[in-house]
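The next block holds one structure in the form of structure tokens; read it before the comments.
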Amino acid sequence: MVVLRNSVLIRCTPEEAFDHLSDLRAELEWNPKCQVMEKITEGPVGKGTKYRAKWKSSPYVEVEIIHHDRPRTWTAHNGGPIEVTFSARLEPAGQDTVLHAEFTPRPHGWFRLIFPLFLLVIRREEKTNMIHLRTALERRARNRR
């Protein structure tokens, strides 16, 4: 099983990071490949919250929060041709926060054939996304102060 791991220091509290990022609609702010992230369940974000999502070059998929432990961790899972489990862990670092992210893709069907190419692209994109995420969250935290 392939697990892509990245970490980034963010200048905000773990609570600020968790409250914003665990609502997956925030991905529209920081991931240039995210085209749709629509919450399809009622109520506050938590375990069982579902989203309808689409990224460039992907079909629409359903994403579900399968673990939610404020302000420390959350995990989301989606099906589709490349099934993905994304886990995030937040760690206080003085007045800042370190986000540790794990991206675990599992290909199905013919996507197994192109999976090595997908990994080359997604490794680079996930590292870049950590920078986009940090920039968006720090801008949001500054605007609240």
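Each chain of the structure tokens is named A, B, ... in the order shown, its residues numbered from 1; ligands are numbered from 1 in display order.
Neighbours of Ala53 in chain A closer than or equal to 9 Å, with only C-alpha atoms counted and sequence neighbours fewer than 5 positions away skipped, come out as Cys34, Gln35, Val36, Met37, Glu38, Lys39, Pro59, Tyr60, Val61, Glu62 and Val63 of chain A.
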Output the selection as an mmCIF file, in the first residue's frame - N, CA, C and O atoms for each residue.
```
data_model
loop_
_atom_site.group_PDB
_atom_site.id
_atom_site.type_symbol
_atom_site.label_atom_id
_atom_site.label_comp_id
_atom_site.auth_asym_id
_atom_site.auth_seq_id
_atom_site.Cartn_x
_atom_site.Cartn_y
_atom_site.Cartn_z
ATOM 1 N N CYS A 34 -9.336 21.102 -7.291
ATOM 2 C CA CYS A 34 -10.662 20.821 -6.741
ATOM 3 C C CYS A 34 -11.683 21.716 -7.424
ATOM 4 O O CYS A 34 -11.607 22.936 -7.338
ATOM 5 N N GLN A 35 -12.649 21.096 -8.107
ATOM 6 C CA GLN A 35 -13.667 21.850 -8.840
ATOM 7 C C GLN A 35 -14.999 21.901 -8.102
ATOM 8 O O GLN A 35 -15.731 22.878 -8.207
ATOM 9 N N VAL A 36 -15.334 20.831 -7.383
ATOM 10 C CA VAL A 36 -16.605 20.759 -6.650
ATOM 11 C C VAL A 36 -16.340 20.099 -5.309
ATOM 12 O O VAL A 36 -15.663 19.070 -5.238
ATOM 13 N N MET A 37 -16.872 20.705 -4.247
ATOM 14 C CA MET A 37 -16.860 20.082 -2.923
ATOM 15 C C MET A 37 -18.125 20.574 -2.231
ATOM 16 O O MET A 37 -18.167 21.651 -1.653
ATOM 17 N N GLU A 38 -19.173 19.798 -2.357
ATOM 18 C CA GLU A 38 -20.497 20.196 -1.904
ATOM 19 C C GLU A 38 -20.940 19.293 -0.757
ATOM 20 O O GLU A 38 -20.985 18.067 -0.903
ATOM 21 N N LYS A 39 -21.251 19.877 0.380
ATOM 22 C CA LYS A 39 -21.729 19.120 1.540
ATOM 23 C C LYS A 39 -23.145 18.642 1.228
ATOM 24 O O LYS A 39 -24.006 19.434 0.855
ATOM 25 N N PRO A 59 -13.979 11.665 -12.050
ATOM 26 C CA PRO A 59 -15.441 11.697 -12.039
ATOM 27 C C PRO A 59 -15.923 12.272 -10.701
ATOM 28 O O PRO A 59 -15.124 12.474 -9.784
ATOM 29 N N TYR A 60 -17.219 12.516 -10.593
ATOM 30 C CA TYR A 60 -17.790 12.895 -9.299
ATOM 31 C C TYR A 60 -17.687 11.692 -8.367
ATOM 32 O O TYR A 60 -17.932 10.557 -8.796
ATOM 33 N N VAL A 61 -17.322 11.936 -7.114
ATOM 34 C CA VAL A 61 -17.258 10.875 -6.110
ATOM 35 C C VAL A 61 -17.902 11.383 -4.826
ATOM 36 O O VAL A 61 -18.050 12.586 -4.617
ATOM 37 N N GLU A 62 -18.261 10.453 -3.974
ATOM 38 C CA GLU A 62 -18.760 10.799 -2.653
ATOM 39 C C GLU A 62 -17.618 10.646 -1.650
ATOM 40 O O GLU A 62 -16.917 9.641 -1.649
ATOM 41 N N VAL A 63 -17.436 11.676 -0.842
ATOM 42 C CA VAL A 63 -16.395 11.681 0.187
ATOM 43 C C VAL A 63 -17.101 11.698 1.546
ATOM 44 O O VAL A 63 -18.042 12.472 1.734
#
```
Please report, as a ChimeraX atom specification, each residue of range 9-140 of chain A to which DSSP assigns strand (DSSP E or B) when run on this structure's backbone.
/A:9-10,34-39,50-55,61-69,73-78,82-93,96-107
Which residues of range 28-96 of chain A sit at most 12 Å from range 108-126 of chain A, using only C-alpha atoms? Give each one's shortest atom pair and distance in Å (one decimal place), in chain and ascending residue order, as JSON lines.
```
{"residue": "A:Trp30", "atom": "CA", "partner": "A:Glu126", "partner_atom": "CA", "distance": 11.2}
{"residue": "A:Asn31", "atom": "CA", "partner": "A:Glu125", "partner_atom": "CA", "distance": 9.1}
{"residue": "A:Pro32", "atom": "CA", "partner": "A:Glu125", "partner_atom": "CA", "distance": 9.8}
{"residue": "A:Lys33", "atom": "CA", "partner": "A:Glu125", "partner_atom": "CA", "distance": 9.3}
{"residue": "A:Cys34", "atom": "CA", "partner": "A:Glu125", "partner_atom": "CA", "distance": 11.9}
{"residue": "A:Ser57", "atom": "CA", "partner": "A:Phe118", "partner_atom": "CA", "distance": 11.3}
{"residue": "A:Ser58", "atom": "CA", "partner": "A:Phe111", "partner_atom": "CA", "distance": 11.4}
{"residue": "A:Gly79", "atom": "CA", "partner": "A:His108", "partner_atom": "CA", "distance": 9.5}
{"residue": "A:Gly80", "atom": "CA", "partner": "A:His108", "partner_atom": "CA", "distance": 7.8}
{"residue": "A:Pro81", "atom": "CA", "partner": "A:His108", "partner_atom": "CA", "distance": 5.2}
{"residue": "A:Ile82", "atom": "CA", "partner": "A:His108", "partner_atom": "CA", "distance": 6.0}
{"residue": "A:Glu83", "atom": "CA", "partner": "A:His108", "partner_atom": "CA", "distance": 7.5}
{"residue": "A:Val84", "atom": "CA", "partner": "A:His108", "partner_atom": "CA", "distance": 10.9}
{"residue": "A:Phe86", "atom": "CA", "partner": "A:Glu126", "partner_atom": "CA", "distance": 11.2}
```
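You will find CA of Pro71 in chain A at 6.0 Å from CA of Pro14 in chain A.
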Rounded to one decimal in Å, what is the spacing between CA of Leu21 in chain A and CA of Arg70 in chain A?
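Between these atoms lies a distance of 11.1 Å.
Using only C-alpha atoms, the smallest distance between any of A:Arg11, A:Arg72, A:Arg25, A:His132 and Asp96 in chain A comes from A:Arg11.
Distance check against Val98 in chain A using only C-alpha atoms: of A:Val2, A:Gly46, A:Ala136, A:Thr73, the minimum falls on A:Thr73.
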Between A:Glu102, A:Glu91, A:Asp19, A:Asp69, which has the minimum distance to Arg5 in chain A (counting only C-alpha atoms)?
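Counting only C-alpha atoms, the residue closest to Arg5 in chain A is A:Glu102.
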For a test of reading the model, state the distance in Å between CA of Glu64 in chain A and CA of Thr49 in chain A, rounded to one decimal.
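It comes out at 5.7 Å.
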Minimum-distance residue to Glu27 in chain A, chosen among A:Glu42, A:Thr75, A:Ile66, A:Trp55 (using only C-alpha atoms)
A:Trp55
